[in-house]
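As stored in model.tsv (TSV, C-alpha atoms):
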chain	number	residue	atom	x	y	z
A	1412	MET	CA	18.74	-44.32	19.02
A	1413	ILE	CA	16.85	-45.21	15.87
A	1414	ASP	CA	13.33	-46.51	16.30
A	1415	SER	CA	13.31	-49.40	13.85
A	1416	ALA	CA	9.52	-49.89	13.97
A	1417	ARG	CA	8.92	-46.24	12.99
A	1418	LEU	CA	11.55	-46.49	10.27
A	1419	PHE	CA	9.81	-49.58	8.89
A	1420	ARG	CA	6.42	-47.78	8.94
A	1421	ALA	CA	7.94	-44.84	7.13
A	1422	GLN	CA	9.13	-47.11	4.36
A	1423	GLU	CA	5.88	-49.03	4.09
A	1424	PRO	CA	4.16	-46.88	1.42
A	1425	LEU	CA	7.27	-47.18	-0.76
A	1426	LEU	CA	7.33	-50.93	-0.40
A	1427	ALA	CA	3.63	-51.21	-1.05
A	1428	THR	CA	3.93	-49.66	-4.48
A	1429	PRO	CA	3.19	-52.16	-7.24
A	1430	PRO	CA	6.20	-53.56	-9.09
A	1431	LEU	CA	7.11	-52.13	-12.43
A	1432	PRO	CA	5.89	-54.12	-15.42
A	1433	HIS	CA	9.40	-55.19	-16.50
A	1434	ASN	CA	10.26	-56.65	-13.08
A	1435	ASP	CA	10.61	-60.38	-13.06
A	1436	SER	CA	9.67	-62.70	-10.23
A	1437	ALA	CA	13.05	-62.50	-8.50
A	1438	SER	CA	13.04	-58.72	-8.27
A	1439	THR	CA	9.40	-58.74	-7.13
A	1440	GLU	CA	10.33	-61.18	-4.42
A	1441	ALA	CA	13.19	-58.96	-3.32
A	1442	VAL	CA	10.91	-55.94	-3.05
A	1443	HIS	CA	8.17	-57.76	-1.19
A	1444	GLY	CA	10.08	-58.76	1.77
A	1445	GLU	CA	12.17	-61.94	1.44
A	1446	GLY	CA	15.16	-59.69	1.23
A	1447	GLU	CA	17.68	-62.42	0.46
A	1448	VAL	CA	17.13	-62.86	-3.23
A	1449	LEU	CA	18.84	-60.13	-5.20
A	1450	PRO	CA	17.22	-58.96	-8.41
A	1451	GLU	CA	18.69	-60.61	-11.46
A	1452	VAL	CA	20.74	-58.57	-13.84
A	1453	ALA	CA	18.77	-57.80	-16.96
A	1454	ALA	CA	19.71	-59.97	-19.91
A	1455	ASP	CA	21.73	-58.44	-22.74
A	1456	PRO	CA	19.20	-57.24	-25.33
A	1457	ALA	CA	21.33	-58.28	-28.30
A	1458	PRO	CA	23.99	-60.82	-27.36
A	1459	GLU	CA	24.54	-61.84	-30.97
A	1460	ALA	CA	25.45	-58.23	-31.85
A	1461	ALA	CA	28.28	-58.33	-29.34
A	1462	GLU	CA	29.67	-61.60	-30.66
A	1463	ALA	CA	29.81	-61.07	-34.40
A	1464	PRO	CA	30.25	-57.87	-36.38
A	1465	SER	CA	26.95	-56.66	-37.74
A	1466	ASP	CA	25.86	-56.59	-41.37
A	1467	ASP	CA	26.44	-52.82	-41.59
A	1468	TYR	CA	30.06	-53.26	-40.66
A	1469	LEU	CA	30.64	-56.18	-43.01
A	1470	ARG	CA	29.02	-54.21	-45.83
A	1471	LEU	CA	31.24	-51.20	-45.10
A	1472	GLN	CA	34.35	-53.41	-45.10
A	1473	ARG	CA	33.37	-54.91	-48.43
A	1474	ARG	CA	32.69	-51.48	-49.93
A	1475	LEU	CA	36.01	-50.12	-48.68
A	1476	LEU	CA	37.96	-53.06	-50.10
A	1477	LEU	CA	36.12	-52.78	-53.40
A	1478	ALA	CA	36.73	-49.02	-53.61
A	1479	THR	CA	40.43	-49.53	-52.83
A	1480	LEU	CA	40.64	-52.24	-55.48
A	1481	ILE	CA	39.03	-50.01	-58.11
A	1482	VAL	CA	41.22	-46.99	-57.26
A	1483	SER	CA	44.32	-49.22	-57.30
A	1484	ALA	CA	43.42	-50.76	-60.65
A	1485	ILE	CA	42.90	-47.34	-62.22
A	1486	ALA	CA	46.16	-46.02	-60.76
A	1487	VAL	CA	48.15	-49.06	-61.94
A	1488	LEU	CA	46.66	-48.75	-65.42
A	1489	ILE	CA	47.52	-45.06	-65.66
A	1490	THR	CA	51.05	-45.70	-64.36
A	1491	ALA	CA	51.60	-48.52	-66.84
A	1492	LEU	CA	50.53	-46.24	-69.68
A	1493	ALA	CA	52.34	-43.10	-68.50
A	1494	PHE	CA	55.57	-44.67	-67.15
A	1495	ASN	CA	56.56	-48.31	-67.57
A	1496	LEU	CA	55.59	-51.77	-66.35
A	1497	HIS	CA	58.37	-51.87	-63.76
A	1498	ILE	CA	56.97	-48.87	-61.88
A	1499	ALA	CA	53.42	-50.13	-62.38
A	1500	GLY	CA	54.43	-53.45	-60.81
A	1501	SER	CA	55.85	-51.66	-57.78
A	1502	LEU	CA	52.65	-49.63	-57.50
A	1503	LEU	CA	50.62	-52.84	-57.73
A	1504	VAL	CA	52.62	-54.49	-54.94
A	1505	GLY	CA	52.15	-51.39	-52.78
A	1506	ALA	CA	48.42	-51.33	-53.51
A	1507	LEU	CA	48.12	-55.00	-52.56
A	1508	GLY	CA	49.95	-54.13	-49.33
A	1509	GLY	CA	47.43	-51.35	-48.73
A	1510	LEU	CA	44.55	-53.77	-49.26
A	1511	LEU	CA	46.10	-56.21	-46.79
A	1512	TYR	CA	46.64	-53.39	-44.30
A	1513	LEU	CA	43.01	-52.28	-44.58
A	1514	ARG	CA	41.81	-55.88	-44.16
A	1515	LEU	CA	43.95	-56.40	-41.05
A	1516	LEU	CA	42.82	-53.05	-39.58
A	1517	ALA	CA	39.17	-53.95	-40.21
A	1518	ARG	CA	39.69	-57.31	-38.54
A	1519	SER	CA	41.28	-55.76	-35.45
A	1520	VAL	CA	38.46	-53.18	-35.22
A	1521	GLY	CA	35.99	-56.07	-35.53
A	1522	LYS	CA	37.64	-57.83	-32.61
A	1523	LEU	CA	37.48	-54.69	-30.47
A	1524	GLY	CA	35.05	-55.17	-27.62
A	1525	ASN	CA	34.73	-58.92	-28.21
A	1526	GLY	CA	37.63	-59.86	-25.97
A	1527	ALA	CA	40.18	-57.35	-27.28
A	1528	LYS	CA	40.40	-54.09	-25.35
A	1529	LYS	CA	42.62	-52.21	-27.77
A	1530	VAL	CA	43.25	-52.07	-31.48
A	1531	GLY	CA	45.91	-54.52	-32.63
A	1532	LYS	CA	49.19	-53.44	-34.18
A	1533	THR	CA	49.65	-56.33	-36.59
A	1534	GLN	CA	48.64	-54.20	-39.57
A	1535	LEU	CA	51.65	-51.93	-39.04
A	1536	LEU	CA	53.89	-54.80	-40.13
A	1537	VAL	CA	52.63	-54.38	-43.69
A	1538	PRO	CA	54.36	-51.01	-44.43
A	1539	VAL	CA	57.47	-52.24	-42.59
A	1540	VAL	CA	57.68	-55.33	-44.80
A	1541	LEU	CA	56.93	-53.21	-47.87
A	1542	VAL	CA	59.74	-50.71	-47.20
A	1543	LEU	CA	62.19	-53.47	-46.29
A	1544	ALA	CA	61.29	-55.41	-49.43
A	1545	SER	CA	61.72	-52.33	-51.61
A	1546	ALA	CA	65.09	-51.63	-50.01
A	1547	ARG	CA	66.29	-55.20	-50.55
A	1548	LEU	CA	64.71	-56.23	-53.85
A	1549	PRO	CA	65.84	-54.48	-57.02
A	1550	GLN	CA	62.51	-55.26	-58.72
A	1551	LEU	CA	60.65	-52.98	-56.33
A	1552	GLU	CA	60.92	-49.20	-56.39
A	1553	LEU	CA	60.46	-47.49	-53.04
A	1554	LEU	CA	58.43	-44.43	-54.03
A	1555	PRO	CA	55.84	-46.16	-56.27
A	1556	ALA	CA	55.40	-48.91	-53.68
A	1557	LEU	CA	54.73	-46.34	-50.95
A	1558	LEU	CA	52.36	-44.37	-53.14
A	1559	GLY	CA	50.59	-47.60	-54.03
A	1560	PHE	CA	50.30	-48.46	-50.36
A	1561	LEU	CA	48.67	-45.09	-49.67
A	1562	LEU	CA	46.06	-45.65	-52.39
A	1563	TYR	CA	43.63	-46.85	-49.74
A	1564	LYS	CA	43.28	-43.26	-48.56
A	1565	PRO	CA	41.52	-41.89	-51.67
A	1566	ALA	CA	39.13	-44.83	-51.39
A	1567	LEU	CA	38.45	-43.96	-47.75
A	1568	ILE	CA	37.89	-40.30	-48.57
A	1569	LEU	CA	35.57	-41.32	-51.39
A	1570	GLN	CA	33.65	-43.54	-49.02
A	1571	VAL	CA	33.31	-40.78	-46.41
A	1572	LEU	CA	32.14	-38.32	-49.06
A	1573	LEU	CA	29.60	-40.80	-50.38
A	1574	ASP	CA	28.31	-41.53	-46.89
A	1575	SER	CA	27.89	-37.89	-45.90
B	120	MET	CA	78.32	-43.70	-45.03
B	121	ASP	CA	80.43	-41.83	-42.52
B	122	SER	CA	79.86	-42.26	-38.83
B	123	ILE	CA	78.28	-38.85	-38.21
B	124	THR	CA	75.71	-39.39	-40.97
B	125	SER	CA	74.85	-42.86	-39.73
B	126	ALA	CA	74.54	-41.67	-36.12
B	127	ALA	CA	72.32	-38.75	-37.15
B	128	SER	CA	70.19	-41.08	-39.28
B	129	VAL	CA	69.65	-43.50	-36.42
B	130	ILE	CA	68.72	-40.67	-34.02
B	131	ALA	CA	66.41	-39.13	-36.62
B	132	ALA	CA	64.74	-42.50	-37.25
B	133	GLY	CA	64.08	-42.94	-33.55
B	134	LEU	CA	62.70	-39.42	-33.26
B	135	ALA	CA	60.50	-39.86	-36.34
B	136	VAL	CA	58.85	-43.01	-35.00
B	137	GLY	CA	58.72	-41.86	-31.39
B	138	LEU	CA	57.38	-38.36	-31.90
B	139	GLY	CA	55.16	-39.42	-34.78
B	140	ALA	CA	53.45	-42.08	-32.69
B	141	ILE	CA	52.53	-39.88	-29.73
B	142	GLY	CA	49.62	-37.99	-31.25
B	143	PRO	CA	48.00	-40.88	-33.16
B	144	GLY	CA	48.50	-43.12	-30.12
B	145	ILE	CA	46.56	-40.77	-27.87
B	146	GLY	CA	43.91	-40.25	-30.53
B	147	GLN	CA	43.49	-43.96	-31.22
B	148	GLY	CA	43.18	-44.75	-27.54
B	149	THR	CA	40.54	-42.09	-27.05
B	150	ALA	CA	38.61	-43.13	-30.14
B	151	ALA	CA	38.70	-46.85	-29.36
B	152	GLY	CA	37.69	-46.26	-25.73
B	153	SER	CA	34.76	-44.10	-26.75
B	154	ALA	CA	33.71	-46.64	-29.38
B	155	VAL	CA	33.72	-49.50	-26.88
B	156	GLU	CA	31.71	-47.36	-24.48
B	157	GLY	CA	29.24	-46.54	-27.25
B	158	ILE	CA	28.88	-50.21	-28.23
B	159	ALA	CA	28.29	-51.14	-24.59
B	160	ARG	CA	25.58	-48.49	-24.28
B	161	GLN	CA	23.93	-49.15	-27.62
B	162	PRO	CA	24.67	-52.66	-28.90
B	163	GLU	CA	22.16	-52.15	-31.71
B	164	ALA	CA	24.36	-49.37	-33.19
B	165	ASP	CA	27.37	-51.70	-33.24
B	166	GLY	CA	27.84	-51.66	-37.02
B	167	LYS	CA	27.76	-47.90	-37.40
B	168	ILE	CA	30.11	-47.32	-34.47
B	169	ARG	CA	32.60	-49.88	-35.77
B	170	GLY	CA	32.43	-48.42	-39.26
B	171	THR	CA	33.13	-44.91	-38.03
B	172	LEU	CA	35.93	-46.23	-35.85
B	173	LEU	CA	37.48	-48.07	-38.79
B	174	LEU	CA	37.48	-44.94	-40.96
B	175	SER	CA	38.88	-42.70	-38.24
B	176	LEU	CA	41.55	-45.24	-37.24
B	177	ALA	CA	42.63	-45.61	-40.86
B	178	PHE	CA	43.10	-41.85	-41.11
B	179	MET	CA	44.88	-41.62	-37.76
B	180	GLU	CA	47.18	-44.56	-38.28
B	181	ALA	CA	48.41	-43.07	-41.54
B	182	LEU	CA	50.25	-40.47	-39.46
B	183	THR	CA	52.11	-43.21	-37.63
B	184	ILE	CA	52.87	-44.87	-40.94
B	185	TYR	CA	54.41	-41.66	-42.31
B	186	GLY	CA	56.84	-41.53	-39.38
B	187	LEU	CA	57.54	-45.24	-39.72
B	188	VAL	CA	58.28	-44.93	-43.42
B	189	VAL	CA	60.62	-41.97	-42.88
B	190	ALA	CA	62.46	-43.94	-40.19
B	191	LEU	CA	62.76	-47.05	-42.35
B	192	VAL	CA	63.97	-45.05	-45.31
B	193	LEU	CA	66.59	-43.39	-43.13
B	194	LEU	CA	67.72	-46.77	-41.84
B	195	PHE	CA	67.58	-48.97	-44.93
B	196	ALA	CA	67.53	-46.70	-47.98
B	197	ASN	CA	69.31	-43.62	-46.71
B	198	PRO	CA	69.45	-40.89	-49.37
B	199	PHE	CA	72.28	-39.13	-47.52
B	200	ALA	CA	74.60	-42.11	-47.64
B	201	GLY	CA	77.53	-41.24	-49.79
Please rewrite the model in this file as structure tokens.
Amino acid sequence: MIDSARLFRAQEPLLATPPLPHNDSASTEAVHGEGEVLPEVAADPAPEAAEAPSDDYLRLQRRLLLATLIVSAIAVLITALAFNLHIAGSLLVGALGGLLYLRLLARSVGKLGNGAKKVGKTQLLVPVVLVLASARLPQLELLPALLGFLLYKPALILQVLLDS
Amino acid sequence: MDSITSAASVIAAGLAVGLGAIGPGIGQGTAAGSAVEGIARQPEADGKIRGTLLLSLAFMEALTIYGLVVALVLLFANPFAG
């Protein structure tokens, strides 16, 4: 049988230790014997960081979109000079699709953790619509549109190289 | 387009999307889970974690897009259609 008085005496030095500086009144009360009040959960140190994407992330998004825009503009210009305006137009439509895709992906990554538990799939509709439009519309060429869509990748690689 | 070519194209389109989505799907799930865990542990590093996640997801999802494009080309702009 357990001797409860001896058990209590054995725990006394532990209970008599002074509370840690960060303990609030509720946790102090719980340690010092009331026993019914549970210690409060510590407040989130940065609740605003969990609600809105931080400045770093917004700046990265802006830089990525700008880099994609610059790479796309250069590619469209070179295509217009080397081939013709029809192919350059298809490349431009694809590049705009790539920009939209990157924007939607950035938005779904921004939502991650703030209610959303997984990355959304909305952005995958952009290449689907692009391929379907190039198959249906005679003004759009399939290959330039796809290459234009993939122009966001050189911008990403450039960004990674600049960051590292 | 004869029936054998169309049947093979449909099967190939399904395989391209299905097999091409397995690897990126696993990778994206792992990366997103780790990122959420990292944000929960260090909310002050939120921006950097999200930025790295965005870059890695963009690279990973491109693999899915390749499979998707091959499948859509096979279905809607089939080069083997006579």
Interface list for chain B, partner chain A, 9 Å threshold, only C-alpha atoms, as a ChimeraX atom specification: /B:147-148,151-152,154-155,158-159,162-170,172-174,176-178,180-181,183-184,187-188,191-192,195-196
Kindly export the residues of the current selection with C-alpha atoms, as a CSV table (one decimal), keeping the file's coordinate frame.
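The resulting file, out_31.csv, is shown below:
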chain,number,residue,atom,x,y,z
B,147,GLN,CA,43.5,-44.0,-31.2
B,148,GLY,CA,43.2,-44.8,-27.5
B,151,ALA,CA,38.7,-46.8,-29.4
B,152,GLY,CA,37.7,-46.3,-25.7
B,154,ALA,CA,33.7,-46.6,-29.4
B,155,VAL,CA,33.7,-49.5,-26.9
B,158,ILE,CA,28.9,-50.2,-28.2
B,159,ALA,CA,28.3,-51.1,-24.6
B,162,PRO,CA,24.7,-52.7,-28.9
B,163,GLU,CA,22.2,-52.2,-31.7
B,164,ALA,CA,24.4,-49.4,-33.2
B,165,ASP,CA,27.4,-51.7,-33.2
B,166,GLY,CA,27.8,-51.7,-37.0
B,167,LYS,CA,27.8,-47.9,-37.4
B,168,ILE,CA,30.1,-47.3,-34.5
B,169,ARG,CA,32.6,-49.9,-35.8
B,170,GLY,CA,32.4,-48.4,-39.3
B,172,LEU,CA,35.9,-46.2,-35.8
B,173,LEU,CA,37.5,-48.1,-38.8
B,174,LEU,CA,37.5,-44.9,-41.0
B,176,LEU,CA,41.6,-45.2,-37.2
B,177,ALA,CA,42.6,-45.6,-40.9
B,178,PHE,CA,43.1,-41.8,-41.1
B,180,GLU,CA,47.2,-44.6,-38.3
B,181,ALA,CA,48.4,-43.1,-41.5
B,183,THR,CA,52.1,-43.2,-37.6
B,184,ILE,CA,52.9,-44.9,-40.9
B,187,LEU,CA,57.5,-45.2,-39.7
B,188,VAL,CA,58.3,-44.9,-43.4
B,191,LEU,CA,62.8,-47.0,-42.4
B,192,VAL,CA,64.0,-45.0,-45.3
B,195,PHE,CA,67.6,-49.0,-44.9
B,196,ALA,CA,67.5,-46.7,-48.0
Length of the atom CA of Ser1483 of chain A to atom CA of Leu1562 of chain A vector [Å]: 6.3 Å
Residue contacts of Pro1555 of chain A (12 Å, all atoms listed in the file) excluding same-chain residues fewer than 5 positions away, as a list in words: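 In the requested format, the answer is Ser1483, Ala1486, Val1487, Thr1490, Ala1491, Phe1494, Asn1495, Leu1496, His1497, Ile1498, Ala1499, Gly1500, Ser1501, Leu1502, Leu1503, Val1504, Gly1505, Ala1506, Leu1541, Val1542, Ser1545, Gln1550, Phe1560, Leu1561 and Leu1562 of chain A.
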Gap from atom CA of Pro198 of chain B to atom CA of Ala140 of chain B - Å, one decimal: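 We find that atom CA of Pro198 of chain B and atom CA of Ala140 of chain B lie 23.1 Å from each other.
One distance worth recording is that between atom CA of Ser128 of chain B and atom CA of Leu193 of chain B, which is 5.8 Å.
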Taking N, CA and C atoms as the atom set, what does segment 1490-1521 of chain A look like once completed, written as a PDB file, keeping the file's coordinate frame?
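Wrote it out as selection_29.pdb, contents follow:
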ATOM      1  N   THR A1490      49.585 -45.662 -64.511  1.00  0.00           N
ATOM      2  CA  THR A1490      51.050 -45.700 -64.360  1.00  0.00           C
ATOM      3  C   THR A1490      51.693 -46.536 -65.460  1.00  0.00           C
ATOM      4  N   ALA A1491      51.043 -47.668 -65.782  1.00  0.00           N
ATOM      5  CA  ALA A1491      51.600 -48.520 -66.840  1.00  0.00           C
ATOM      6  C   ALA A1491      51.602 -47.798 -68.181  1.00  0.00           C
ATOM      7  N   LEU A1492      50.589 -46.971 -68.410  1.00  0.00           N
ATOM      8  CA  LEU A1492      50.530 -46.240 -69.680  1.00  0.00           C
ATOM      9  C   LEU A1492      51.487 -45.046 -69.680  1.00  0.00           C
ATOM     10  N   ALA A1493      51.553 -44.333 -68.544  1.00  0.00           N
ATOM     11  CA  ALA A1493      52.340 -43.100 -68.500  1.00  0.00           C
ATOM     12  C   ALA A1493      53.828 -43.368 -68.265  1.00  0.00           C
ATOM     13  N   PHE A1494      54.160 -44.367 -67.446  1.00  0.00           N
ATOM     14  CA  PHE A1494      55.570 -44.670 -67.150  1.00  0.00           C
ATOM     15  C   PHE A1494      55.919 -46.010 -67.796  1.00  0.00           C
ATOM     16  N   ASN A1495      56.280 -46.994 -66.985  1.00  0.00           N
ATOM     17  CA  ASN A1495      56.560 -48.310 -67.570  1.00  0.00           C
ATOM     18  C   ASN A1495      56.035 -49.419 -66.660  1.00  0.00           C
ATOM     19  N   LEU A1496      56.157 -50.644 -67.090  1.00  0.00           N
ATOM     20  CA  LEU A1496      55.590 -51.770 -66.350  1.00  0.00           C
ATOM     21  C   LEU A1496      56.315 -52.017 -65.026  1.00  0.00           C
ATOM     22  N   HIS A1497      57.593 -51.670 -64.974  1.00  0.00           N
ATOM     23  CA  HIS A1497      58.370 -51.870 -63.760  1.00  0.00           C
ATOM     24  C   HIS A1497      57.799 -51.030 -62.615  1.00  0.00           C
ATOM     25  N   ILE A1498      57.538 -49.767 -62.904  1.00  0.00           N
ATOM     26  CA  ILE A1498      56.970 -48.870 -61.880  1.00  0.00           C
ATOM     27  C   ILE A1498      55.531 -49.282 -61.571  1.00  0.00           C
ATOM     28  N   ALA A1499      54.797 -49.687 -62.615  1.00  0.00           N
ATOM     29  CA  ALA A1499      53.420 -50.130 -62.380  1.00  0.00           C
ATOM     30  C   ALA A1499      53.379 -51.374 -61.497  1.00  0.00           C
ATOM     31  N   GLY A1500      54.351 -52.256 -61.666  1.00  0.00           N
ATOM     32  CA  GLY A1500      54.430 -53.450 -60.810  1.00  0.00           C
ATOM     33  C   GLY A1500      54.681 -53.074 -59.360  1.00  0.00           C
ATOM     34  N   SER A1501      55.584 -52.121 -59.154  1.00  0.00           N
ATOM     35  CA  SER A1501      55.850 -51.660 -57.780  1.00  0.00           C
ATOM     36  C   SER A1501      54.592 -51.047 -57.169  1.00  0.00           C
ATOM     37  N   LEU A1502      53.896 -50.253 -57.978  1.00  0.00           N
ATOM     38  CA  LEU A1502      52.650 -49.630 -57.500  1.00  0.00           C
ATOM     39  C   LEU A1502      51.618 -50.704 -57.153  1.00  0.00           C
ATOM     40  N   LEU A1503      51.577 -51.752 -57.976  1.00  0.00           N
ATOM     41  CA  LEU A1503      50.620 -52.840 -57.730  1.00  0.00           C
ATOM     42  C   LEU A1503      50.938 -53.560 -56.424  1.00  0.00           C
ATOM     43  N   VAL A1504      52.229 -53.822 -56.190  1.00  0.00           N
ATOM     44  CA  VAL A1504      52.620 -54.490 -54.940  1.00  0.00           C
ATOM     45  C   VAL A1504      52.252 -53.614 -53.739  1.00  0.00           C
ATOM     46  N   GLY A1505      52.514 -52.313 -53.861  1.00  0.00           N
ATOM     47  CA  GLY A1505      52.150 -51.390 -52.780  1.00  0.00           C
ATOM     48  C   GLY A1505      50.648 -51.359 -52.557  1.00  0.00           C
ATOM     49  N   ALA A1506      49.880 -51.359 -53.646  1.00  0.00           N
ATOM     50  CA  ALA A1506      48.420 -51.330 -53.510  1.00  0.00           C
ATOM     51  C   ALA A1506      47.902 -52.614 -52.865  1.00  0.00           C
ATOM     52  N   LEU A1507      48.527 -53.750 -53.214  1.00  0.00           N
ATOM     53  CA  LEU A1507      48.120 -55.000 -52.560  1.00  0.00           C
ATOM     54  C   LEU A1507      48.447 -54.952 -51.065  1.00  0.00           C
ATOM     55  N   GLY A1508      49.605 -54.333 -50.737  1.00  0.00           N
ATOM     56  CA  GLY A1508      49.950 -54.130 -49.330  1.00  0.00           C
ATOM     57  C   GLY A1508      48.912 -53.252 -48.627  1.00  0.00           C
ATOM     58  N   GLY A1509      48.455 -52.221 -49.302  1.00  0.00           N
ATOM     59  CA  GLY A1509      47.430 -51.350 -48.730  1.00  0.00           C
ATOM     60  C   GLY A1509      46.125 -52.095 -48.484  1.00  0.00           C
ATOM     61  N   LEU A1510      45.765 -52.956 -49.439  1.00  0.00           N
ATOM     62  CA  LEU A1510      44.550 -53.770 -49.260  1.00  0.00           C
ATOM     63  C   LEU A1510      44.680 -54.690 -48.048  1.00  0.00           C
ATOM     64  N   LEU A1511      45.870 -55.309 -47.932  1.00  0.00           N
ATOM     65  CA  LEU A1511      46.100 -56.210 -46.790  1.00  0.00           C
ATOM     66  C   LEU A1511      46.051 -55.429 -45.482  1.00  0.00           C
ATOM     67  N   TYR A1512      46.643 -54.239 -45.500  1.00  0.00           N
ATOM     68  CA  TYR A1512      46.640 -53.390 -44.300  1.00  0.00           C
ATOM     69  C   TYR A1512      45.211 -53.044 -43.894  1.00  0.00           C
ATOM     70  N   LEU A1513      44.399 -52.663 -44.869  1.00  0.00           N
ATOM     71  CA  LEU A1513      43.010 -52.280 -44.580  1.00  0.00           C
ATOM     72  C   LEU A1513      42.231 -53.484 -44.047  1.00  0.00           C
ATOM     73  N   ARG A1514      42.492 -54.657 -44.610  1.00  0.00           N
ATOM     74  CA  ARG A1514      41.810 -55.880 -44.160  1.00  0.00           C
ATOM     75  C   ARG A1514      42.186 -56.206 -42.713  1.00  0.00           C
ATOM     76  N   LEU A1515      43.502 -56.090 -42.417  1.00  0.00           N
ATOM     77  CA  LEU A1515      43.950 -56.400 -41.050  1.00  0.00           C
ATOM     78  C   LEU A1515      43.400 -55.378 -40.050  1.00  0.00           C
ATOM     79  N   LEU A1516      43.360 -54.092 -40.465  1.00  0.00           N
ATOM     80  CA  LEU A1516      42.820 -53.050 -39.580  1.00  0.00           C
ATOM     81  C   LEU A1516      41.335 -53.306 -39.321  1.00  0.00           C
ATOM     82  N   ALA A1517      40.600 -53.670 -40.373  1.00  0.00           N
ATOM     83  CA  ALA A1517      39.170 -53.950 -40.210  1.00  0.00           C
ATOM     84  C   ALA A1517      38.960 -55.144 -39.289  1.00  0.00           C
ATOM     85  N   ARG A1518      39.839 -56.136 -39.405  1.00  0.00           N
ATOM     86  CA  ARG A1518      39.690 -57.310 -38.540  1.00  0.00           C
ATOM     87  C   ARG A1518      39.956 -56.950 -37.082  1.00  0.00           C
ATOM     88  N   SER A1519      40.989 -56.113 -36.851  1.00  0.00           N
ATOM     89  CA  SER A1519      41.280 -55.760 -35.450  1.00  0.00           C
ATOM     90  C   SER A1519      40.205 -54.849 -34.878  1.00  0.00           C
ATOM     91  N   VAL A1520      39.588 -53.989 -35.714  1.00  0.00           N
ATOM     92  CA  VAL A1520      38.460 -53.180 -35.220  1.00  0.00           C
ATOM     93  C   VAL A1520      37.265 -54.094 -34.948  1.00  0.00           C
ATOM     94  N   GLY A1521      37.084 -55.125 -35.763  1.00  0.00           N
ATOM     95  CA  GLY A1521      35.990 -56.070 -35.530  1.00  0.00           C
ATOM     96  C   GLY A1521      36.145 -56.839 -34.240  1.00  0.00           C
TER      97      GLY A1521
END
